[in-house]
$ cat start_39.txt   # compact mmCIF, C-alpha atoms
# COMPACT_ATOMS: atom_id res chain seq x y z
CA MET B 1 112.26 -43.02 11.69
CA ASP B 2 115.11 -41.45 9.67
CA ALA B 3 115.21 -37.86 8.43
CA HIS B 4 114.14 -38.79 4.88
CA SER B 5 111.06 -40.66 6.12
CA ALA B 6 110.15 -37.77 8.39
CA LEU B 7 110.43 -35.28 5.50
CA THR B 8 108.34 -37.55 3.27
CA LEU B 9 105.67 -37.82 5.96
CA LEU B 10 105.71 -34.05 6.49
CA GLU B 11 105.40 -33.41 2.75
CA ALA B 12 102.45 -35.81 2.51
CA GLY B 13 100.75 -34.07 5.42
CA LEU B 14 101.27 -30.62 3.91
CA ASN B 15 99.93 -31.82 0.56
CA GLN B 16 96.82 -33.19 2.26
CA CYS B 17 96.32 -29.88 4.08
CA ALA B 18 96.65 -28.05 0.75
CA VAL B 19 93.92 -30.28 -0.72
CA VAL B 20 91.63 -29.52 2.22
CA ILE B 21 92.25 -25.76 1.96
CA ASP B 22 91.52 -25.84 -1.77
CA ARG B 23 88.38 -27.95 -1.30
CA ASP B 24 86.97 -26.38 1.87
CA GLY B 25 88.39 -22.88 1.65
CA GLY B 26 84.98 -21.25 2.11
CA LEU B 27 84.38 -23.10 5.36
CA LEU B 28 87.84 -22.23 6.70
CA VAL B 29 87.46 -18.54 5.81
CA ALA B 30 84.03 -18.48 7.46
CA LEU B 31 85.51 -19.83 10.69
CA LEU B 32 88.47 -17.44 10.56
CA THR B 33 86.21 -14.39 10.15
CA ALA B 34 83.84 -15.70 12.82
CA GLY B 35 86.83 -15.87 15.16
CA LEU B 36 87.92 -12.34 14.25
CA VAL B 37 84.47 -10.86 14.81
CA GLY B 38 83.54 -13.03 17.77
CA GLY B 39 86.91 -12.49 19.38
CA SER B 40 86.23 -8.77 19.46
CA THR B 41 82.55 -8.74 20.31
CA HIS B 42 82.46 -11.75 22.63
CA CYS B 43 85.82 -13.34 23.57
CA ALA B 44 87.49 -10.11 24.72
CA GLY B 45 84.83 -9.72 27.40
CA MET B 46 84.51 -13.39 28.34
CA CYS B 47 88.16 -14.51 28.19
CA GLY B 48 89.82 -11.13 28.77
CA PRO B 49 89.85 -11.54 32.58
CA PHE B 50 91.61 -14.92 32.21
CA VAL B 51 94.27 -13.29 30.03
CA LEU B 52 94.77 -10.32 32.37
CA ALA B 53 95.07 -12.61 35.41
CA GLN B 54 97.83 -14.55 33.67
CA VAL B 55 99.63 -11.38 32.56
CA THR B 56 99.66 -10.09 36.14
CA ALA B 57 100.90 -13.42 37.55
CA ARG B 58 103.63 -13.76 34.91
CA LEU B 59 104.97 -10.22 35.28
CA GLU B 60 105.00 -10.43 39.08
CA GLN B 61 107.53 -13.26 38.81
CA VAL B 62 110.10 -11.09 36.98
CA PRO B 63 112.20 -8.88 39.33
CA ALA B 64 112.10 -5.18 38.49
CA SER B 65 115.85 -5.21 37.88
CA ARG B 66 115.43 -7.81 35.14
CA MET B 67 112.27 -6.39 33.61
CA SER B 68 112.88 -5.55 29.96
CA GLU B 69 110.63 -4.76 27.04
CA PHE B 70 111.02 -8.36 25.88
CA HIS B 71 109.90 -9.72 29.27
CA ARG B 72 106.95 -7.35 29.29
CA LEU B 73 105.79 -8.29 25.80
CA ALA B 74 106.40 -12.01 26.30
CA GLY B 75 104.50 -11.94 29.59
CA ALA B 76 101.62 -9.99 28.11
CA ALA B 77 101.27 -12.17 25.01
CA VAL B 78 100.69 -15.39 27.08
CA LEU B 79 101.39 -17.44 23.96
CA PRO B 80 101.50 -20.84 25.74
CA TYR B 81 97.93 -20.22 26.91
CA HIS B 82 96.75 -19.35 23.40
CA LEU B 83 98.55 -22.38 21.97
CA GLY B 84 96.85 -24.63 24.54
CA ARG B 85 93.45 -23.09 23.80
CA GLY B 86 94.03 -23.55 20.07
CA THR B 87 95.02 -27.18 20.66
CA THR B 88 91.76 -27.87 22.48
CA TYR B 89 89.68 -26.19 19.77
CA THR B 90 91.54 -28.16 17.08
CA LEU B 91 90.96 -31.48 18.83
CA ILE B 92 87.28 -30.67 19.41
CA GLY B 93 86.90 -29.79 15.73
CA ALA B 94 88.58 -33.00 14.59
CA ALA B 95 86.50 -35.16 16.95
CA ALA B 96 83.20 -33.46 16.08
CA ALA B 97 83.84 -33.72 12.33
CA ALA B 98 84.92 -37.36 12.59
CA VAL B 99 81.77 -38.28 14.54
CA ALA B 100 79.52 -36.30 12.20
CA GLY B 101 81.17 -37.91 9.18
CA HIS B 102 80.55 -41.43 10.49
CA VAL B 103 77.00 -40.68 11.65
CA GLY B 104 76.17 -38.88 8.41
CA ALA B 105 77.22 -41.95 6.44
CA LEU B 106 74.50 -44.02 8.11
CA PRO B 107 71.31 -44.63 6.12
CA GLY B 108 68.77 -41.87 6.60
CA LEU B 109 71.24 -39.45 8.19
CA LYS B 110 72.88 -37.99 5.08
CA TRP B 111 71.26 -34.62 5.85
CA LEU B 112 73.28 -34.16 9.04
CA SER B 113 75.89 -31.91 7.43
CA VAL B 114 73.17 -29.75 5.89
CA ALA B 115 71.46 -29.43 9.27
CA LEU B 116 74.72 -28.47 11.00
CA LEU B 117 75.50 -25.81 8.38
CA ALA B 118 71.96 -24.45 8.60
CA PHE B 119 72.22 -24.29 12.39
CA ALA B 120 75.56 -22.45 12.19
CA ALA B 121 74.19 -20.04 9.56
CA LEU B 122 71.24 -19.16 11.80
CA PHE B 123 73.57 -18.91 14.80
CA PHE B 124 75.89 -16.41 13.11
CA LEU B 125 72.90 -14.51 11.76
CA GLY B 126 71.69 -14.28 15.34
CA TYR B 127 74.93 -12.55 16.32
CA ALA B 128 74.32 -9.99 13.58
CA VAL B 129 70.62 -9.32 14.24
CA LYS B 130 69.85 -8.08 17.74
CA GLY B 131 67.48 -10.27 19.67
CA LEU B 132 67.95 -13.52 17.77
CA THR B 133 70.50 -14.83 20.28
CA ALA B 134 68.34 -14.40 23.37
CA TRP B 135 68.42 -18.17 23.86
CA VAL B 136 72.23 -18.40 23.80
CA PRO B 137 72.90 -17.14 27.36
CA LYS B 138 70.32 -19.63 28.66
CA LEU B 139 72.10 -22.47 26.89
CA ASP B 140 75.47 -21.24 28.13
CA GLY B 141 74.13 -20.91 31.68
CA ALA B 142 72.65 -24.40 31.76
CA VAL B 143 75.89 -25.99 30.57
CA GLN B 144 78.03 -23.74 32.76
CA ARG B 145 76.37 -25.00 35.95
CA TRP B 146 77.29 -28.58 35.13
CA TRP B 147 80.56 -28.28 33.22
CA GLY B 148 82.00 -24.77 33.29
CA ASP B 149 82.45 -24.64 37.06
CA ARG B 150 84.25 -27.98 37.02
CA VAL B 151 86.66 -26.80 34.33
CA SER B 152 87.32 -23.60 36.28
CA ARG B 153 88.10 -25.50 39.48
CA LEU B 154 90.45 -27.81 37.59
CA ALA B 155 92.30 -24.88 36.00
CA ARG B 156 92.46 -22.63 39.10
CA PRO B 157 95.74 -24.05 40.52
CA LEU B 158 97.49 -23.30 37.21
CA PHE B 159 96.89 -19.55 37.54
CA GLY B 160 99.54 -19.31 40.28
CA ASN B 161 102.41 -19.76 37.81
CA PRO B 162 100.96 -19.69 34.26
CA THR B 163 104.25 -20.05 32.39
CA GLY B 164 105.61 -22.71 30.07
CA TRP B 165 103.77 -26.00 30.26
CA ARG B 166 101.48 -24.67 33.01
CA GLY B 167 100.32 -21.87 30.73
CA TYR B 168 99.78 -24.40 27.95
CA ALA B 169 97.85 -26.70 30.30
CA LEU B 170 95.74 -23.72 31.40
CA GLY B 171 94.85 -23.05 27.77
CA LEU B 172 94.00 -26.71 27.24
CA ALA B 173 91.64 -26.67 30.24
CA LEU B 174 89.98 -23.32 29.60
CA GLY B 175 89.41 -24.27 25.97
CA PHE B 176 86.58 -26.45 27.32
CA ILE B 177 84.77 -23.53 28.97
CA PRO B 178 81.22 -23.44 27.52
CA CYS B 179 80.84 -20.65 24.96
CA GLY B 180 77.93 -19.93 22.64
CA LEU B 181 80.20 -18.76 19.83
CA LEU B 182 82.22 -21.96 20.14
CA TYR B 183 79.07 -24.04 19.64
CA GLY B 184 78.44 -22.38 16.28
CA ALA B 185 82.05 -22.80 15.17
CA VAL B 186 82.07 -26.49 16.12
CA ALA B 187 78.85 -27.00 14.15
CA VAL B 188 80.55 -25.58 11.05
CA ALA B 189 83.64 -27.76 11.58
CA ALA B 190 81.51 -30.87 12.18
CA ALA B 191 79.53 -30.25 8.99
CA SER B 192 82.66 -30.99 6.95
CA GLY B 193 82.55 -34.64 8.03
CA SER B 194 86.36 -34.71 7.79
CA ALA B 195 88.58 -34.81 10.87
CA LEU B 196 91.36 -32.89 9.10
CA THR B 197 89.01 -30.20 7.83
CA GLY B 198 87.41 -29.93 11.25
CA ALA B 199 90.82 -29.57 12.90
CA LEU B 200 92.02 -26.93 10.41
CA GLY B 201 88.71 -25.09 10.66
CA MET B 202 88.85 -24.79 14.44
CA ALA B 203 92.54 -23.83 14.23
CA ALA B 204 91.48 -21.00 11.91
CA PHE B 205 88.77 -20.01 14.38
CA ALA B 206 91.29 -19.94 17.24
CA LEU B 207 93.66 -17.86 15.12
CA GLY B 208 90.86 -15.39 14.45
CA THR B 209 90.26 -14.86 18.16
CA LEU B 210 93.92 -13.97 18.82
CA PRO B 211 94.08 -10.25 17.86
CA SER B 212 91.53 -9.05 20.40
CA LEU B 213 92.93 -11.19 23.23
CA LEU B 214 96.50 -10.14 22.40
CA ALA B 215 95.35 -6.52 22.54
CA VAL B 216 93.84 -7.14 25.98
CA GLY B 217 97.02 -8.83 27.20
CA LEU B 218 99.41 -6.23 25.80
CA ALA B 219 97.60 -3.06 26.79
CA GLY B 220 94.76 -4.10 29.08
CA HIS B 221 91.03 -3.74 28.67
CA LEU B 222 91.36 -0.23 27.19
CA ALA B 223 93.01 -1.57 24.05
CA GLY B 224 90.59 -4.48 24.00
CA ARG B 225 87.64 -2.08 24.08
CA THR B 226 89.19 0.07 21.34
CA TRP B 227 89.68 -2.94 19.06
CA ARG B 228 86.26 -4.23 20.01
CA SER B 229 84.46 -0.99 19.14
CA ALA B 230 86.27 -0.75 15.80
CA VAL B 231 85.34 -4.29 14.76
CA ALA B 232 81.83 -4.09 16.23
CA ARG B 233 80.79 -1.58 13.57
CA ALA B 234 81.50 -4.08 10.82
CA ALA B 235 80.51 -7.19 12.79
CA PRO B 236 76.83 -7.38 11.71
CA VAL B 237 77.73 -7.20 8.02
CA ILE B 238 80.50 -9.78 8.36
CA MET B 239 78.31 -12.19 10.28
CA VAL B 240 75.47 -11.82 7.77
CA VAL B 241 77.92 -12.60 4.95
CA ASN B 242 79.20 -15.58 6.93
CA ALA B 243 75.64 -16.83 7.43
CA GLY B 244 75.02 -16.41 3.70
CA VAL B 245 78.13 -18.37 2.77
CA LEU B 246 77.22 -21.23 5.10
CA GLY B 247 73.62 -21.22 3.89
CA TRP B 248 74.82 -21.36 0.30
CA MET B 249 77.08 -24.31 1.16
CA ALA B 250 74.10 -26.10 2.75
CA ILE B 251 71.99 -25.50 -0.38
CA ARG B 252 74.77 -26.88 -2.59
CA MET B 253 74.84 -30.04 -0.48
CA ILE B 254 71.11 -30.50 -1.04
CA GLY B 255 71.55 -30.08 -4.76
$ encode --input "start_39.txt" --output "structure tokens"
Amino acid sequence: MDAHSALTLLEAGLNQCAVVIDRDGGLLVALLTAGLVGGSTHCAGMCGPFVLAQVTARLEQVPASRMSEFHRLAGAAVLPYHLGRGTTYTLIGAAAAAVAGHVGALPGLKWLSVALLAFAALFFLGYAVKGLTAWVPKLDGAVQRWWGDRVSRLARPLFGNPTGWRGYALGLALGFIPCGLLYGAVAVAAASGSALTGALGMAAFALGTLPSLLAVGLAGHLAGRTWRSAVARAAPVIMVVNAGVLGWMAIRMIG
């Protein structure tokens, strides 16, 4: 493939992404804000220890004589891990949306997208209203016994030197850790019925989870708790709005 063909292909891809953003902007924004809120109220506590373990391992490999502010910040950001985690979320979103799109096209199953949006709306509402998510830990626990422990065992050897491709591979693996918030996000992405929209939606969700986890990596749990408490005050309102947007999208599909 020559340079001109590559540029043409890239331009076509960017144009298609622009069409998706224009068409499904509400869905993408909903997933981005869900990631921002969930990253502070949920991910910082659940994934924070993974981030801190990597930060410690990475910084221990740099001799004190060579330790600079750049090394400290680069080690604390653990960007390969976040890129790997985002890759997994993006692939899950694309696969879920592609499957939902094909299944929803079958006779009698055209309401699948509406059902997925309604589920996600209730799920996000449950995060805003205390007590409505009492069933989520049970679901997480049931899946964790069968799947989460296996993922953890697979990823454990990568913690010894979580840099470069190993850090990326660690993110890829831990992206499959069962997470209640992830279930809701995948339901929203799947409701689009488009692999590209599902991929972009989950990429937006992953991007939304970054600030809180970067805060944990850069300054430890203290910064993570500070960010978390600041966002937590607005979290119920944001999640209720998110639920309303998704519910409205479901109603429009019915109409």
$ atom_distance --input "start_39.txt" --atom1 "CA of Ala105 (chain B)" --atom2 "CA of Ala250 (chain B)"
16.6 Å
$ atom_distance --input "start_39.txt" --atom1 "CA of Val20 (chain B)" --atom2 "CA of Phe205 (chain B)"
15.7 Å
$ closest_residue --input "start_39.txt" --among "B:Leu200, B:Leu91, B:Leu214, B:Ala30" --to "Gly175 (chain B)" --atoms "only C-alpha atoms"
B:Leu91
$ closest_residue --input "start_39.txt" --among "B:Val216, B:Ile238, B:Met253, B:Ile92" --to "Leu36 (chain B)" --atoms "only C-alpha atoms"
B:Ile238
$ atom_distance --input "start_39.txt" --atom1 "CA of Gly193 (chain B)" --atom2 "CA of Arg85 (chain B)"
22.4 Å
$ residues_near_point --input "start_39.txt" --point "(84.0, -28.0, 15.6)" --cutoff "6 Å" --atoms "all atoms listed in the file" --output "VMD selection string"
chain B and resid 92 to 93 96 185 to 187 189 to 190 198 202
$ closest_residue --input "start_39.txt" --among "B:Pro157, B:Gly86, B:Gly39, B:Gly217" --to "Gln54 (chain B)" --atoms "all atoms listed in the file"
B:Gly217
$ residues_around --input "start_39.txt" --residues "Ala98 (chain B)" --least-positions-apart "4" --cutoff "7 Å" --atoms "all atoms listed in the file" --output "CSV table (one decimal) with C-alpha atoms, in the coordinates of the input"
chain,number,residue,atom,x,y,z
B,94,ALA,CA,88.6,-33.0,14.6
B,102,HIS,CA,80.6,-41.4,10.5
B,193,GLY,CA,82.6,-34.6,8.0
B,194,SER,CA,86.4,-34.7,7.8
B,195,ALA,CA,88.6,-34.8,10.9
$ closest_residue --input "start_39.txt" --among "B:Cys47, B:Ala34, B:Ile254, B:Val19" --to "Phe123 (chain B)" --atoms "only C-alpha atoms"
B:Ala34
$ closest_residue --input "start_39.txt" --among "B:Ala243, B:Ala95, B:Ala100, B:Leu158" --to "Ala53 (chain B)" --atoms "only C-alpha atoms"
B:Leu158
$ axis_aligned_box --input "start_39.txt" --around "region 235-242 of chain B" --padding-each-side "4 Å" --output "AutoDock Vina command-line options"
--center_x 78.0 --center_y -11.4 --center_z 8.9 --size_x 13.0 --size_y 16.4 --size_z 15.8
$ closest_residue --input "start_39.txt" --among "B:Leu31, B:Gly101, B:Gly25, B:Leu83" --to "Leu170 (chain B)" --atoms "only C-alpha atoms"
B:Leu83
